[in-house]
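Here the structure is laid out as structure tokens; the discussion comes afterwards.
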Amino acid sequence: ERKRANEVQKMTLVGNVEGKVAILIDDMADTCGTICLAADKLVEAGAATVFAICVHGIFRFRTNCLHYTGNSLFAVVLLCNV
């Protein structure tokens with residue numbers, strides 16, 4: 001849920017991910033805040049592994065998004081621009 005661009009106000013996980021592999025897909029990796037928050041929620045809920053697929057990696061360096069993905073709980077981050 002967003003009230004402004006690049007700011008997530010609320011995120012709710014629906015379903016049981018305990019012991020499962022989770023795949024997150026982001027259509028525009030700008031700050032990576034949303035996908036990193038989602039990964040944290042999934043791991044907190046017991047996901048065994050989290051993969052990220054990001055299309056259109058914009059990566060605004062002022063937000064240090066590469067630091068977020070490097071220190072997050074992703075097993076793999078796949079980037080493409082198709």
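Scheme for the structure tokens: letters A, B, ... for chains in order shown; per-chain residue numbers from 1; ligand numbers from 1 in order shown.
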
Note to self: Need to verify the contact set: A:Leu78, 7 Å, only C-alpha atoms, exclusion of same-chain residues closer than 5 positions in sequence. Can you return it as a ChimeraX atom specification?
What the structure shows: /A:52-54

Next item on the list: Quick one: pull the distance between atom CA of A:Asp30 and atom CA of A:Val17, Å, one decimal.
Entry: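 Atom CA of A:Asp30 sits 26.0 Å away from atom CA of A:Val17.
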
Item checked: Gap from atom CA of A:Thr31 to atom CA of A:Phe74 - Å, one decimal -> 15.7 Å

Compile the contact shell of A:Phe51 as a PDB file with N, CA and C atoms, in the first residue's frame: residues with an atom at most 8 Å away, counting only C-alpha atoms, same-chain residues fewer than 5 positions apart removed.
```
ATOM      1  N   VAL A  21       9.982 -22.139  -1.205  1.00  0.00           N
ATOM      2  CA  VAL A  21      10.793 -21.231  -2.013  1.00  0.00           C
ATOM      3  C   VAL A  21       9.885 -20.102  -2.490  1.00  0.00           C
ATOM      4  N   ALA A  22      10.327 -18.860  -2.287  1.00  0.00           N
ATOM      5  CA  ALA A  22       9.540 -17.695  -2.705  1.00  0.00           C
ATOM      6  C   ALA A  22      10.258 -16.992  -3.845  1.00  0.00           C
ATOM      7  N   ILE A  23       9.490 -16.567  -4.836  1.00  0.00           N
ATOM      8  CA  ILE A  23      10.042 -15.829  -5.974  1.00  0.00           C
ATOM      9  C   ILE A  23       9.324 -14.483  -6.038  1.00  0.00           C
ATOM     10  N   LEU A  24      10.098 -13.412  -5.919  1.00  0.00           N
ATOM     11  CA  LEU A  24       9.557 -12.059  -6.007  1.00  0.00           C
ATOM     12  C   LEU A  24       9.896 -11.479  -7.371  1.00  0.00           C
ATOM     13  N   PHE A  74      18.136 -12.396  -0.035  1.00  0.00           N
ATOM     14  CA  PHE A  74      17.920 -13.053  -1.319  1.00  0.00           C
ATOM     15  C   PHE A  74      18.996 -14.118  -1.555  1.00  0.00           C
ATOM     16  N   ALA A  75      18.573 -15.262  -2.075  1.00  0.00           N
ATOM     17  CA  ALA A  75      19.541 -16.267  -2.512  1.00  0.00           C
ATOM     18  C   ALA A  75      20.152 -15.844  -3.836  1.00  0.00           C
ATOM     19  N   VAL A  76      19.313 -15.283  -4.728  1.00  0.00           N
ATOM     20  CA  VAL A  76      19.740 -14.835  -6.035  1.00  0.00           C
ATOM     21  C   VAL A  76      18.920 -13.601  -6.419  1.00  0.00           C
ATOM     22  N   VAL A  77      19.580 -12.614  -7.044  1.00  0.00           N
ATOM     23  CA  VAL A  77      18.895 -11.470  -7.624  1.00  0.00           C
ATOM     24  C   VAL A  77      19.202 -11.474  -9.118  1.00  0.00           C
TER      25      VAL A  77
END
```

Notebook entry, point to check: Can you list, as a list in words, every protein, DNA or RNA residue that comes within 12 Å of A:Gly15 when you count only C-alpha atoms, leaving out same-chain residues fewer than 5 positions away?
Noted result: Lys20, Ala22, Lys41, Leu42, Ala45, Gly46 and Ala47 of chain A

Those residues you just picked out, can you put them in a file as a CSV table (one decimal), in the first residue's frame with C-alpha atoms?
```csv
chain,number,residue,atom,x,y,z
A,20,LYS,CA,8.9,-23.0,0.8
A,22,ALA,CA,9.5,-17.7,-2.7
A,41,LYS,CA,8.5,-10.5,5.5
A,42,LEU,CA,8.9,-13.8,3.7
A,45,ALA,CA,7.3,-16.0,7.9
A,46,GLY,CA,9.6,-19.0,7.4
A,47,ALA,CA,10.4,-19.0,3.7
```

Notebook entry, point to check: So what do you get for atom CA of A:Met28 versus atom CA of A:Ile58, distance-wise?
Noted result: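 Computing the Euclidean distance for atom CA of A:Met28 and atom CA of A:Ile58 yields 7.0 Å.
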
Notebook entry, point to check: From the set A:Leu73, A:Val55, A:Leu79, A:Gln9, which residue has the shortest atom-to-atom contact distance to A:Thr34, counting only C-alpha atoms?
Noted result: A:Gln9
